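J.: Structure: model05.txt, compact mmCIF, C-alpha atoms and all ligand atoms.
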# COMPACT_ATOMS: atom_id res chain seq x y z
CA MET A 1 0.00 0.00 0.00
CA ALA A 2 1.27 3.50 -0.88
CA HIS A 3 1.68 5.06 2.52
CA ASN A 4 3.47 8.38 2.20
CA VAL A 5 1.41 10.90 0.29
CA LEU A 6 2.39 14.50 -0.38
CA ILE A 7 -0.50 16.92 -0.86
CA SER A 8 0.30 20.37 -2.26
CA GLY A 9 -2.13 22.96 -0.85
CA ALA A 10 -3.85 23.28 2.54
CA GLY A 11 -7.08 24.66 1.06
CA ILE A 12 -10.43 22.90 0.99
CA ALA A 13 -9.52 19.78 -1.01
CA GLY A 14 -6.06 19.44 0.60
CA SER A 15 -7.28 19.19 4.19
CA VAL A 16 -10.35 17.05 3.38
CA LEU A 17 -8.05 14.62 1.57
CA ALA A 18 -5.45 14.65 4.36
CA TYR A 19 -8.18 13.84 6.90
CA TRP A 20 -9.62 10.89 4.94
CA LEU A 21 -6.22 9.47 3.98
CA ALA A 22 -5.13 9.52 7.61
CA GLN A 23 -8.40 7.82 8.65
CA ARG A 24 -7.57 5.05 6.18
CA GLY A 25 -4.02 4.36 7.31
CA PHE A 26 -1.95 6.65 5.05
CA ASN A 27 0.69 9.16 6.20
CA PRO A 28 -0.26 12.46 4.56
CA THR A 29 2.09 15.45 4.40
CA VAL A 30 0.57 18.77 3.34
CA VAL A 31 2.77 21.57 1.96
CA GLU A 32 1.19 25.04 1.81
CA LYS A 33 2.90 27.99 0.18
CA ARG A 34 1.38 30.51 2.57
CA SER A 35 2.88 30.97 6.00
CA HIS A 36 -0.58 30.79 7.59
CA LEU A 37 -4.06 29.65 6.61
CA ARG A 38 -5.85 32.98 6.35
CA GLN A 39 -5.66 34.33 2.82
CA THR A 40 -6.02 37.90 1.72
CA GLY A 41 -9.26 38.75 -0.08
CA GLY A 42 -11.38 36.03 1.51
CA HIS A 43 -14.78 35.24 0.14
CA ALA A 44 -17.88 33.30 1.06
CA VAL A 45 -18.20 29.78 -0.36
CA ASP A 46 -21.05 27.28 -0.47
CA LEU A 47 -21.44 23.77 0.82
CA ALA A 48 -24.52 21.91 -0.31
CA GLY A 49 -25.80 18.44 -1.14
CA VAL A 50 -23.24 15.67 -0.94
CA SER A 51 -20.45 17.92 0.33
CA ILE A 52 -22.49 18.49 3.50
CA GLU A 53 -22.64 14.72 3.97
CA VAL A 54 -18.83 14.53 3.75
CA ILE A 55 -18.51 17.32 6.35
CA GLU A 56 -21.01 15.46 8.55
CA ARG A 57 -19.02 12.21 8.26
CA MET A 58 -15.92 14.14 9.35
CA GLY A 59 -17.80 15.13 12.55
CA ILE A 60 -17.38 18.85 11.90
CA LEU A 61 -20.87 19.84 10.74
CA PRO A 62 -21.67 21.64 14.04
CA ALA A 63 -18.47 23.73 13.74
CA VAL A 64 -19.11 24.49 10.07
CA SER A 65 -22.79 25.33 10.61
CA GLY A 66 -21.86 27.48 13.61
CA ALA A 67 -19.51 29.57 11.45
CA HIS A 68 -21.99 30.16 8.62
CA VAL A 69 -22.30 33.70 7.33
CA ARG A 70 -25.37 35.45 8.67
CA HIS A 71 -26.64 37.29 5.65
CA ASP A 72 -30.34 36.61 5.72
CA ARG A 73 -31.58 39.38 3.40
CA MET A 74 -30.80 40.65 -0.07
CA VAL A 75 -31.35 44.22 -1.19
CA PHE A 76 -31.01 45.13 -4.86
CA ASN A 77 -30.53 48.78 -5.69
CA GLN A 78 -32.31 49.97 -8.84
CA ARG A 79 -31.28 52.45 -11.50
CA HIS A 80 -34.70 54.07 -10.94
CA GLY A 81 -37.06 53.50 -8.07
CA ARG A 82 -36.93 51.87 -4.67
CA PRO A 83 -34.57 49.00 -3.81
CA ILE A 84 -35.99 45.47 -4.13
CA GLU A 85 -35.70 43.47 -0.90
CA MET A 86 -36.08 39.75 -0.27
CA PRO A 87 -34.89 36.94 1.99
CA ARG A 88 -31.78 35.05 0.78
CA LEU A 89 -32.80 32.60 -1.90
CA THR A 90 -30.74 29.72 -0.57
CA ALA A 91 -32.08 30.27 2.97
CA THR A 92 -35.60 30.02 1.57
CA ILE A 93 -35.37 27.01 -0.68
CA ALA A 94 -32.15 25.00 -0.29
CA ASP A 95 -32.58 21.74 1.59
CA ARG A 96 -29.12 21.65 3.11
CA HIS A 97 -26.83 24.54 2.43
CA VAL A 98 -24.12 26.34 4.42
CA GLU A 99 -22.51 29.56 3.26
CA ILE A 100 -19.25 30.15 5.10
CA GLN A 101 -16.15 32.31 4.68
CA ARG A 102 -13.50 30.24 2.90
CA ASP A 103 -10.92 31.06 5.58
CA ASP A 104 -13.25 29.86 8.37
CA LEU A 105 -13.84 26.61 6.48
CA THR A 106 -10.13 25.96 5.83
CA GLU A 107 -9.38 26.54 9.53
CA ILE A 108 -12.02 24.03 10.61
CA LEU A 109 -10.82 21.47 8.04
CA HIS A 110 -7.20 22.01 9.08
CA ALA A 111 -8.12 21.53 12.76
CA ALA A 112 -9.77 18.20 11.85
CA ALA A 113 -6.83 16.94 9.76
CA ALA A 114 -3.80 18.42 11.58
CA PRO A 115 -3.63 15.91 14.47
CA HIS A 116 -3.23 13.11 11.89
CA ALA A 117 -1.07 14.77 9.21
CA GLU A 118 2.22 16.63 8.84
CA TYR A 119 1.67 20.25 7.74
CA ILE A 120 4.51 22.35 6.29
CA PHE A 121 3.63 26.04 5.88
CA GLY A 122 5.57 28.61 3.88
CA ASP A 123 6.99 26.18 1.33
CA THR A 124 6.23 24.95 -2.16
CA ILE A 125 7.22 22.20 -4.57
CA THR A 126 9.77 23.26 -7.21
CA ALA A 127 10.36 19.95 -9.05
CA ILE A 128 8.69 16.53 -9.29
CA THR A 129 10.47 13.44 -10.64
CA ASP A 130 8.17 10.47 -10.99
CA GLY A 131 10.57 7.52 -10.86
CA SER A 132 9.81 3.83 -10.69
CA GLY A 133 8.21 3.12 -7.33
CA ALA A 134 8.45 6.62 -5.82
CA VAL A 135 8.23 10.33 -6.55
CA THR A 136 11.16 12.59 -5.69
CA VAL A 137 10.14 16.11 -4.77
CA GLU A 138 12.27 19.26 -4.47
CA PHE A 139 11.03 22.14 -2.32
CA GLU A 140 11.85 25.82 -2.26
CA ASN A 141 12.88 25.73 1.42
CA SER A 142 12.86 22.14 2.70
CA ALA A 143 15.22 19.30 1.79
CA ARG A 144 14.41 16.91 -1.07
CA ARG A 145 12.08 14.01 -0.08
CA THR A 146 10.50 10.99 -1.71
CA PHE A 147 6.84 10.03 -1.51
CA ASP A 148 4.72 7.18 -2.81
CA LEU A 149 2.21 9.59 -4.35
CA VAL A 150 1.94 13.35 -4.97
CA ILE A 151 -1.44 15.09 -5.13
CA GLY A 152 -1.95 18.65 -6.36
CA ALA A 153 -4.65 20.36 -4.30
CA ASP A 154 -3.17 23.75 -5.08
CA GLY A 155 -6.15 25.43 -6.70
CA LEU A 156 -7.08 26.99 -10.03
CA HIS A 157 -3.50 28.05 -10.84
CA SER A 158 -1.98 24.75 -9.65
CA ARG A 159 1.80 24.44 -9.76
CA VAL A 160 1.66 20.63 -9.61
CA ARG A 161 -0.50 20.71 -12.74
CA ARG A 162 2.02 22.96 -14.51
CA LEU A 163 4.99 20.83 -13.47
CA VAL A 164 3.45 17.50 -14.45
CA PHE A 165 0.85 18.26 -17.15
CA GLY A 166 2.20 21.43 -18.79
CA PRO A 167 1.17 25.08 -19.09
CA GLU A 168 -2.10 26.34 -17.60
CA ASP A 169 -3.22 27.80 -20.95
CA THR A 170 -3.70 24.26 -22.28
CA TYR A 171 -6.42 23.55 -19.72
CA ARG A 172 -7.86 26.98 -18.87
CA HIS A 173 -11.09 28.03 -20.57
CA ASP A 174 -12.05 31.64 -19.91
CA LEU A 175 -15.79 32.21 -19.62
CA GLY A 176 -15.50 35.81 -20.85
CA ALA A 177 -15.85 37.59 -17.53
CA TYR A 178 -13.69 38.83 -14.64
CA LEU A 179 -14.16 39.05 -10.92
CA SER A 180 -12.65 41.21 -8.26
CA VAL A 181 -12.94 41.09 -4.48
CA TYR A 182 -11.71 43.59 -1.92
CA SER A 183 -12.46 44.78 1.59
CA TYR A 184 -13.21 48.30 2.76
CA PRO A 185 -14.26 49.92 6.06
CA ASN A 186 -17.96 49.28 6.75
CA THR A 187 -18.70 52.93 7.38
CA ALA A 188 -22.17 52.59 5.79
CA GLY A 189 -23.10 50.18 8.61
CA LEU A 190 -24.16 47.17 6.53
CA GLY A 191 -25.98 44.79 8.86
CA SER A 192 -27.09 41.29 7.97
CA GLU A 193 -27.84 42.03 4.33
CA VAL A 194 -26.15 41.52 0.99
CA VAL A 195 -26.62 44.61 -1.18
CA GLY A 196 -26.40 44.13 -4.93
CA TYR A 197 -26.69 46.03 -8.18
CA PHE A 198 -27.18 44.55 -11.67
CA ASP A 199 -26.41 46.39 -14.87
CA SER A 200 -25.79 45.44 -18.46
CA GLY A 201 -22.64 43.24 -18.50
CA ARG A 202 -21.77 43.80 -14.84
CA ALA A 203 -22.88 43.17 -11.28
CA ALA A 204 -21.72 44.33 -7.86
CA PHE A 205 -22.42 42.91 -4.41
CA THR A 206 -21.33 43.83 -0.91
CA TYR A 207 -21.76 42.30 2.53
CA PRO A 208 -20.32 42.82 6.02
CA VAL A 209 -17.37 40.72 7.28
CA ASP A 210 -15.18 40.62 10.40
CA ASP A 211 -18.11 41.22 12.80
CA GLY A 212 -19.20 44.20 10.73
CA ARG A 213 -15.92 46.13 10.98
CA LEU A 214 -15.26 45.65 7.29
CA ALA A 215 -17.40 45.06 4.24
CA ARG A 216 -16.43 43.05 1.21
CA ALA A 217 -17.07 44.06 -2.38
CA LEU A 218 -17.54 41.48 -5.13
CA LEU A 219 -17.56 42.82 -8.69
CA LEU A 220 -18.16 40.80 -11.85
CA PHE A 221 -17.98 42.11 -15.38
CA ARG A 222 -17.78 40.92 -18.96
CA GLY A 223 -15.40 42.28 -21.53
CA ALA A 224 -11.85 42.07 -22.74
CA PRO A 225 -9.74 44.64 -20.88
CA SER A 226 -6.58 45.50 -22.75
CA GLY A 227 -3.01 45.29 -21.46
CA ASP A 228 -1.17 42.78 -19.31
CA LEU A 229 -3.70 41.72 -16.70
CA ARG A 230 -0.99 40.17 -14.53
CA ASP A 231 0.00 43.72 -13.63
CA PRO A 232 -1.85 44.77 -10.42
CA GLY A 233 -2.04 48.39 -11.64
CA ARG A 234 -3.72 47.23 -14.85
CA GLN A 235 -6.10 45.05 -12.83
CA THR A 236 -7.38 47.90 -10.65
CA ARG A 237 -7.70 50.08 -13.76
CA ALA A 238 -9.70 47.37 -15.55
CA VAL A 239 -12.16 47.18 -12.64
CA ARG A 240 -12.44 50.94 -12.31
CA ASP A 241 -12.98 51.37 -16.07
CA ALA A 242 -15.68 48.69 -16.12
CA PHE A 243 -17.73 50.43 -13.39
CA ALA A 244 -16.78 54.12 -13.69
CA ASP A 245 -19.96 55.23 -15.49
CA ILE A 246 -22.27 53.66 -12.86
CA GLU A 247 -20.17 54.47 -9.80
CA GLY A 248 -22.99 56.56 -8.31
CA GLN A 249 -25.34 53.56 -8.34
CA LEU A 250 -22.96 51.06 -6.76
CA PRO A 251 -23.65 50.08 -3.16
CA PHE A 252 -20.04 50.87 -2.13
CA PRO A 253 -17.29 53.32 -3.03
CA ILE A 254 -15.20 52.00 -5.88
CA ALA A 255 -12.34 54.38 -5.04
CA GLU A 256 -11.59 52.14 -2.02
CA LEU A 257 -10.20 49.41 -4.22
CA HIS A 258 -6.95 51.34 -4.62
CA GLU A 259 -6.43 51.44 -0.86
CA SER A 260 -7.53 47.90 -0.11
CA GLU A 261 -4.76 45.57 1.06
CA ASP A 262 -6.57 42.46 -0.12
CA PHE A 263 -7.53 43.37 -3.68
CA TYR A 264 -8.12 40.17 -5.70
CA PHE A 265 -8.60 39.97 -9.45
CA ASP A 266 -8.90 37.02 -11.81
CA SER A 267 -10.63 35.93 -14.98
CA ILE A 268 -13.57 33.58 -14.46
CA SER A 269 -12.09 30.43 -15.95
CA GLN A 270 -12.71 26.71 -15.86
CA ILE A 271 -10.08 23.97 -15.82
CA ARG A 272 -10.96 21.27 -18.33
CA MET A 273 -8.71 18.20 -18.50
CA ASP A 274 -9.49 14.87 -20.18
CA THR A 275 -7.57 13.20 -17.37
CA TRP A 276 -5.91 14.69 -14.33
CA SER A 277 -3.69 11.76 -13.31
CA LYS A 278 -0.27 10.74 -14.62
CA GLY A 279 1.93 8.04 -13.09
CA ARG A 280 2.05 8.58 -9.32
CA VAL A 281 0.67 12.13 -9.50
CA THR A 282 -2.96 13.25 -9.52
CA LEU A 283 -4.92 16.47 -8.94
CA VAL A 284 -7.94 17.21 -6.78
CA GLY A 285 -10.40 20.12 -6.44
CA ASP A 286 -9.99 23.30 -8.50
CA ALA A 287 -6.59 22.12 -9.76
CA ALA A 288 -8.31 19.24 -11.58
CA HIS A 289 -11.71 20.65 -12.56
CA SER A 290 -12.42 24.19 -11.37
CA PRO A 291 -15.91 25.11 -12.59
CA GLY A 292 -14.94 28.82 -12.35
CA PRO A 293 -14.57 30.91 -9.20
CA ALA A 294 -17.82 32.33 -7.75
CA VAL A 295 -20.08 30.73 -10.37
CA GLY A 296 -19.97 26.95 -10.23
CA GLY A 297 -19.92 25.45 -6.73
CA GLY A 298 -16.17 24.71 -6.75
CA THR A 299 -16.06 24.25 -2.98
CA ALA A 300 -18.60 21.45 -2.93
CA MET A 301 -16.76 19.78 -5.83
CA ALA A 302 -13.42 20.10 -3.99
CA VAL A 303 -14.88 18.43 -0.87
CA LEU A 304 -16.52 15.65 -2.87
CA GLY A 305 -13.44 15.05 -5.06
CA ALA A 306 -11.15 14.75 -2.04
CA TYR A 307 -13.51 12.35 -0.29
CA VAL A 308 -13.86 10.09 -3.33
CA LEU A 309 -10.09 10.08 -4.00
CA GLY A 310 -9.37 9.19 -0.35
CA GLY A 311 -11.84 6.31 -0.51
CA GLU A 312 -10.63 4.96 -3.84
CA LEU A 313 -6.99 5.01 -2.70
CA ALA A 314 -7.92 3.02 0.38
CA LEU A 315 -9.82 0.48 -1.69
CA ALA A 316 -7.18 0.05 -4.35
CA GLY A 317 -4.35 -0.98 -2.02
CA ASP A 318 -1.12 -0.74 -4.02
CA ASP A 319 -2.90 -0.07 -7.30
CA HIS A 320 -2.87 3.73 -7.28
CA ALA A 321 -3.49 3.78 -11.07
CA ALA A 322 -6.81 2.00 -10.52
CA ALA A 323 -7.68 4.42 -7.69
CA PHE A 324 -6.96 7.45 -9.88
CA ALA A 325 -8.95 6.02 -12.81
CA ASN A 326 -11.89 5.07 -10.56
CA THR A 327 -11.92 8.54 -8.99
CA GLU A 328 -12.09 10.22 -12.39
CA ARG A 329 -14.83 7.84 -13.54
CA VAL A 330 -16.95 8.27 -10.40
CA LEU A 331 -16.62 12.06 -10.49
CA ALA A 332 -17.11 12.47 -14.26
CA PRO A 333 -20.90 13.18 -14.20
CA ALA A 334 -20.56 15.72 -11.38
CA VAL A 335 -17.63 17.42 -13.12
CA ALA A 336 -19.58 17.59 -16.39
CA GLN A 337 -22.57 19.06 -14.56
CA SER A 338 -20.45 21.64 -12.73
CA ARG A 339 -18.97 22.78 -16.06
CA LYS A 340 -22.48 23.56 -17.27
CA VAL A 341 -23.41 25.47 -14.11
CA GLY A 342 -20.63 28.09 -14.50
CA PRO A 343 -21.74 29.61 -17.82
CA SER A 344 -25.42 29.44 -16.87
CA SER A 345 -24.98 31.09 -13.45
CA LEU A 346 -22.70 33.68 -15.04
CA ARG A 347 -25.57 34.52 -17.44
CA GLN A 348 -27.83 35.07 -14.44
CA LEU A 349 -25.28 36.88 -12.27
CA VAL A 350 -24.05 39.23 -14.99
CA PRO A 351 -27.05 40.24 -17.11
CA ALA A 352 -26.49 40.55 -20.87
CA ASN A 353 -28.46 43.81 -21.26
CA ARG A 354 -30.51 46.42 -19.38
CA LEU A 355 -33.76 44.45 -19.67
CA ALA A 356 -32.13 41.36 -18.15
CA ALA A 357 -30.64 43.55 -15.40
CA TRP A 358 -34.14 44.85 -14.61
CA LEU A 359 -35.64 41.35 -14.66
CA THR A 360 -33.02 39.52 -12.56
CA PRO A 361 -33.87 40.85 -9.07
CA ARG A 362 -37.59 40.54 -9.82
CA THR A 363 -37.16 36.90 -10.88
CA LEU A 364 -35.18 36.20 -7.73
CA ARG A 365 -37.85 37.80 -5.57
CA LEU A 366 -40.53 35.75 -7.31
CA LEU A 367 -38.59 32.56 -6.55
CA THR A 368 -38.51 33.40 -2.84
CA ARG A 369 -42.30 33.95 -2.86
CA LEU A 370 -43.34 30.77 -4.62
CA PRO A 371 -44.32 27.74 -2.53
CA ARG A 372 -41.06 26.05 -1.47
CA ARG A 373 -41.86 22.91 -3.47
CA VAL A 374 -42.23 24.91 -6.69
CA SER A 375 -39.15 27.07 -6.25
CA LEU A 376 -37.09 24.01 -5.30
CA ALA A 377 -38.19 22.31 -8.54
CA LEU A 378 -37.30 25.41 -10.59
CA PHE A 379 -33.99 25.73 -8.77
CA SER A 380 -33.18 22.07 -9.40
CA LEU A 381 -33.78 22.59 -13.11
CA GLN A 382 -30.96 25.12 -13.00
CA GLY A 383 -28.42 22.62 -11.75
CA SER A 384 -28.89 22.49 -8.00
CA ASP A 385 -27.45 19.25 -6.65
CA THR A 386 -29.94 16.65 -5.49
CA SER A 387 -27.64 13.59 -5.41
CA LYS A 388 -26.71 11.56 -2.35
CA LEU A 389 -23.14 10.83 -1.31
CA ASP A 390 -23.68 7.12 -1.79
CA ASP A 391 -24.27 7.82 -5.51
CA PHE A 392 -20.56 8.63 -5.62
CA SER A 393 -19.37 5.87 -3.40
CA SER A 394 -21.38 2.98 -4.84
CA GLU A 395 -21.18 -0.21 -2.82
CA ARG A 396 -17.38 -0.22 -2.97
CA LEU A 397 -16.57 2.89 -0.93
CA PRO A 398 -16.23 2.56 2.85
CA VAL A 399 -18.38 5.04 4.75
CA GLY A 400 -15.59 5.88 7.20
C1 LIG A 501 -13.59 35.52 -5.34
C2 LIG A 501 -14.03 34.08 -5.26
C3 LIG A 501 -15.35 33.79 -4.93
C4 LIG A 501 -15.76 32.45 -4.86
N1 LIG A 501 -17.05 32.19 -4.52
C5 LIG A 501 -17.46 30.91 -4.41
C6 LIG A 501 -18.78 30.59 -4.01
O1 LIG A 501 -19.62 31.49 -3.80
N2 LIG A 501 -19.13 29.29 -3.89
C7 LIG A 501 -18.23 28.29 -4.12
O2 LIG A 501 -18.56 27.11 -3.94
N3 LIG A 501 -16.98 28.54 -4.50
C8 LIG A 501 -16.57 29.82 -4.67
N4 LIG A 501 -15.30 30.10 -5.07
C9 LIG A 501 -14.42 28.97 -5.47
C10 LIG A 501 -13.82 28.26 -4.29
O3 LIG A 501 -13.07 29.16 -3.50
C11 LIG A 501 -12.94 27.15 -4.84
O4 LIG A 501 -13.66 26.35 -5.75
C12 LIG A 501 -12.45 26.24 -3.71
O5 LIG A 501 -11.75 27.02 -2.77
C13 LIG A 501 -11.56 25.14 -4.30
O6 LIG A 501 -10.88 24.47 -3.27
P1 LIG A 501 -9.42 23.87 -3.53
O7 LIG A 501 -9.01 23.29 -2.25
O8 LIG A 501 -9.41 23.07 -4.76
O9 LIG A 501 -8.52 25.16 -3.87
P2 LIG A 501 -8.19 26.41 -2.95
O10 LIG A 501 -9.24 26.63 -1.94
O11 LIG A 501 -7.86 27.52 -3.90
O12 LIG A 501 -6.88 25.97 -2.16
C14 LIG A 501 -5.64 25.86 -2.78
C15 LIG A 501 -4.55 25.96 -1.71
O13 LIG A 501 -3.31 25.70 -2.33
C16 LIG A 501 -2.39 26.68 -1.92
N5 LIG A 501 -1.38 26.78 -2.98
C17 LIG A 501 -1.49 27.39 -4.17
N6 LIG A 501 -0.36 27.26 -4.86
C18 LIG A 501 0.49 26.53 -4.10
C19 LIG A 501 1.82 26.07 -4.26
N7 LIG A 501 2.52 26.36 -5.38
N8 LIG A 501 2.39 25.35 -3.27
C20 LIG A 501 1.70 25.07 -2.13
N9 LIG A 501 0.44 25.51 -1.91
C21 LIG A 501 -0.16 26.22 -2.88
C22 LIG A 501 -3.22 27.94 -1.74
O14 LIG A 501 -2.56 28.88 -0.92
C23 LIG A 501 -4.46 27.34 -1.10
O15 LIG A 501 -4.33 27.25 0.29
C24 LIG A 501 -14.86 31.41 -5.15
C25 LIG A 501 -13.52 31.70 -5.49
C26 LIG A 501 -13.11 33.02 -5.54
C27 LIG A 501 -11.68 33.33 -5.89
I'd like the structure from this file rewritten - as structure tokens, please.

T.:
Amino acid sequence: MAHNVLISGAGIAGSVLAYWLAQRGFNPTVVEKRSHLRQTGGHAVDLAGVSIEVIERMGILPAVSGAHVRHDRMVFNQRHGRPIEMPRLTATIADRHVEIQRDDLTEILHAAAAPHAEYIFGDTITAITDGSGAVTVEFENSARRTFDLVIGADGLHSRVRRLVFGPEDTYRHDLGAYLSVYSYPNTAGLGSEVVGYFDSGRAAFTYPVDDGRLARALLLFRGAPSGDLRDPGRQTRAVRDAFADIEGQLPFPIAELHESEDFYFDSISQIRMDTWSKGRVTLVGDAAHSPGPAVGGGTAMAVLGAYVLGGELALAGDDHAAAFANTERVLAPAVAQSRKVGPSSLRQLVPANRLAAWLTPRTLRLLTRLPRRVSLALFSLQGSDTSKLDDFSSERLPVG
């Protein structure tokens, strides 16, 4: 049995996988490039459906539920007329759903896995040599080591993927939109609400964080900004240019983005790979199949993918190739579904024209007012997950 497993990335997938591997007799080591778990530019993420079952089986559902974000209302500002208010859609219709700050979730997952795994913070893999019977890994700061398996759980811009499978461009599919997140002082006194604004080709949302001391802005826009978007100066300019003409209508001051220490900018992109395993190396979570940040339920997929991979490795004994192939096969329908969700939720989140921008908050309000059974059915038609965890484990996967 392959005992020593190196996992790159102490995010969602990395710690879920470390936990389940340790439960099943492996020795996981997790290397995380950051010196601590809390990232800059945090954001809320969603757990629903089967991912909640995984969290429950890890015994951490009370901690996760206790840390859920408490935004129970939505308020949509209008170009003309009074704001449209409603309860949160997910709170109204989702069967089991937890919205939680990503940093809170990674801390809870780390606390569950850390007693059973070695964690190395502030380091990263620089080279991977997949030899016969073992993988030799070089690190930026630590000494060279060998492992039985290496697993890239290092997110959308995975380094393991680049080192083993080649450049990101080969696998990245841009969905034609960008997102930006940053924090600013909550001087407007946002309470328990999310305030949003839809316009043609763009959308802006804000909500309180850090016990209301700060608020977070989330901006999404379509387009093709010019220049080198790896340059932070060009990134802030691209966001400002996209919203400058509607600045007065936005629910927060856009000027703050220049002063924010945690400004985040990225294209909304999916990772599409025919296979994400090679030799003794595989990928998990966003690194393998990101459905696109903020649009496709990547967190739930990361939790599910890590759980399935942990189970398949335990079942396969020494046959890691079979475990990797089984994992990809079992996850394939969910991955295919999550790829469809991104473009369709992007269409809803970022309206194509003024009419759609006018309609979107009204459609959302209607959904919250329909009988729960009806809105749940409509919501399910749009890709909401109604599977059970056992659909992914079949009779072969131990429940743990
Ligand atoms: C702005 C934004 C909003 C989002 N909103 C939502 C949402 O509403 N709902 C939802 O479900 N999902 C959302 N997502 C997506 C969600 O965050 C991801 O799908 C999820 O975090 C994927 O988990 P992961 O473990 O695969 O990757 P990540 O959570 O990205 O974790 C990767 C880890 O690897 C580490 N790492 C990276 N490179 C290296 C390296 N070279 N060496 C070592 N470690 C490394 C990182 O520091 C990180 O800790 C959003 C994402 C963003 C950016």

J.: Show me, as a VMD selection string, the residues that have an atom within 6 Å of A:Phe76 when counting all atoms listed in the file, minus same-chain residues fewer than 4 positions from it.

T.: chain A and resid 83 to 84 195 to 197

J.: In terms of the shortest atom-to-atom distance over only C-alpha atoms and all ligand atoms, which of A:Ile246, A:Val284, A:Leu21, A:Leu105 is closest to ligand LIG 501 (chain A)?

T.: A:Val284

J.: Hey, which residues sit close to ligand LIG 501 (chain A)? Say within 7 Å, counting all atoms listed in the file, and write them as JSON, numbers by chain.

T.: {"A": [8, 9, 10, 11, 12, 13, 14, 31, 32, 33, 34, 37, 43, 44, 45, 46, 47, 102, 123, 124, 125, 153, 154, 155, 156, 157, 158, 159, 179, 180, 181, 284, 285, 286, 287, 290, 292, 293, 294, 295, 296, 297, 298, 299, 300, 302]}

J.: From the list A:Lys388, A:Arg365, A:Arg354, A:Arg202, which residue is nearest A:Ala334 when using only C-alpha atoms?

T.: A:Lys388

J.: Measure the distance from atom CA of A:Ser344 to atom CA of A:Ala356 in Å and round it to one decimal.

T.: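 According to the coordinates, atom CA of A:Ser344 and atom CA of A:Ala356 are separated by 13.7 Å.
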
J.: Kindly indicate which residue among A:Leu6, A:Ile100, A:Val30, A:Val209 lies nearest to A:Ile120, using all atoms listed in the file for the distances.

T.: A:Val30

J.: What gap, in Å, lies between atom CA of A:Ile151 and atom CA of A:Val281?

T.: 5.7 Å

J.: Which residues come within 9 Å of stretch 213-230 of chain A, counting only C-alpha atoms, excluding same-chain residues fewer than 6 positions away, as number ranges by chain?

T.: A: 41-43, 175-187, 189-190, 201-207, 238-239, 241-243, 251-252, 254, 257, 265-266, 268, 349-350, 352

J.: Which residues come within 12 Å of A:Leu355, counting all atoms listed in the file, excluding same-chain residues fewer than 4 positions away, as JSON, numbers by chain?

T.: {"A": [79, 198, 199, 200, 201, 350, 351, 359, 360, 361, 362]}

J.: Need the shell around stretch 319-332 of chain A: protein/DNA/RNA residues with any atom at most 12 Å away, counting only C-alpha atoms. Skip same-chain ones fewer than 3 positions apart. Format as an MDAnalysis selection string?

T.: chainID A and resid 1:3 5 133:134 148:151 272:285 288:289 301:316 335:339 389:394 396:397

J.: Under the rule that all atoms listed in the file are counted, which of A:Gln348, A:Gln235, A:Ser15, A:Gln270 is the nearest residue to A:Ile108?

T.: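 Of all the options, A:Ser15 lies closest to A:Ile108.
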
J.: Looking at A:Thr170, A:Val98, A:Arg82, A:Ile128, which one is nearest to A:Gly66, with distances taken over all atoms listed in the file?

T.: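 Among the listed residues, A:Val98 lies closest to A:Gly66.
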
J.: Have a look at atom CA of A:His97 and atom CA of A:Gly49 and let me know their distance in Å, one decimal.

T.: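 We find that atom CA of A:His97 and atom CA of A:Gly49 lie 7.1 Å from each other.
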
J.: Which one of A:Glu99, A:Asn141, A:Glu56, A:Pro28 sits closest to A:His68 if you count all atoms listed in the file?

T.: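 Using all atoms listed in the file, the shortest distance to A:His68 belongs to A:Glu99.
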
J.: May I have the protein, DNA and RNA residues with any atom at most 7 Å from the point (-27.9, 18.4, 2.1), counting all atoms listed in the file, written as a list in words?

T.: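 Within the cut-off we find Ala48, Gly49, Val50, Ile52, Glu53, Asp95, Arg96 and His97 of chain A.
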
J.: Please, could you write that set of residues out with C-alpha atoms as a compact mmCIF listing (two decimals), keeping the file's coordinate frame?

T.:
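So result_36.txt came out as:
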# COMPACT_ATOMS: atom_id res chain seq x y z
CA ALA A 48 -24.52 21.91 -0.31
CA GLY A 49 -25.80 18.44 -1.14
CA VAL A 50 -23.24 15.67 -0.94
CA ILE A 52 -22.49 18.49 3.50
CA GLU A 53 -22.64 14.72 3.97
CA ASP A 95 -32.58 21.74 1.59
CA ARG A 96 -29.12 21.65 3.11
CA HIS A 97 -26.83 24.54 2.43
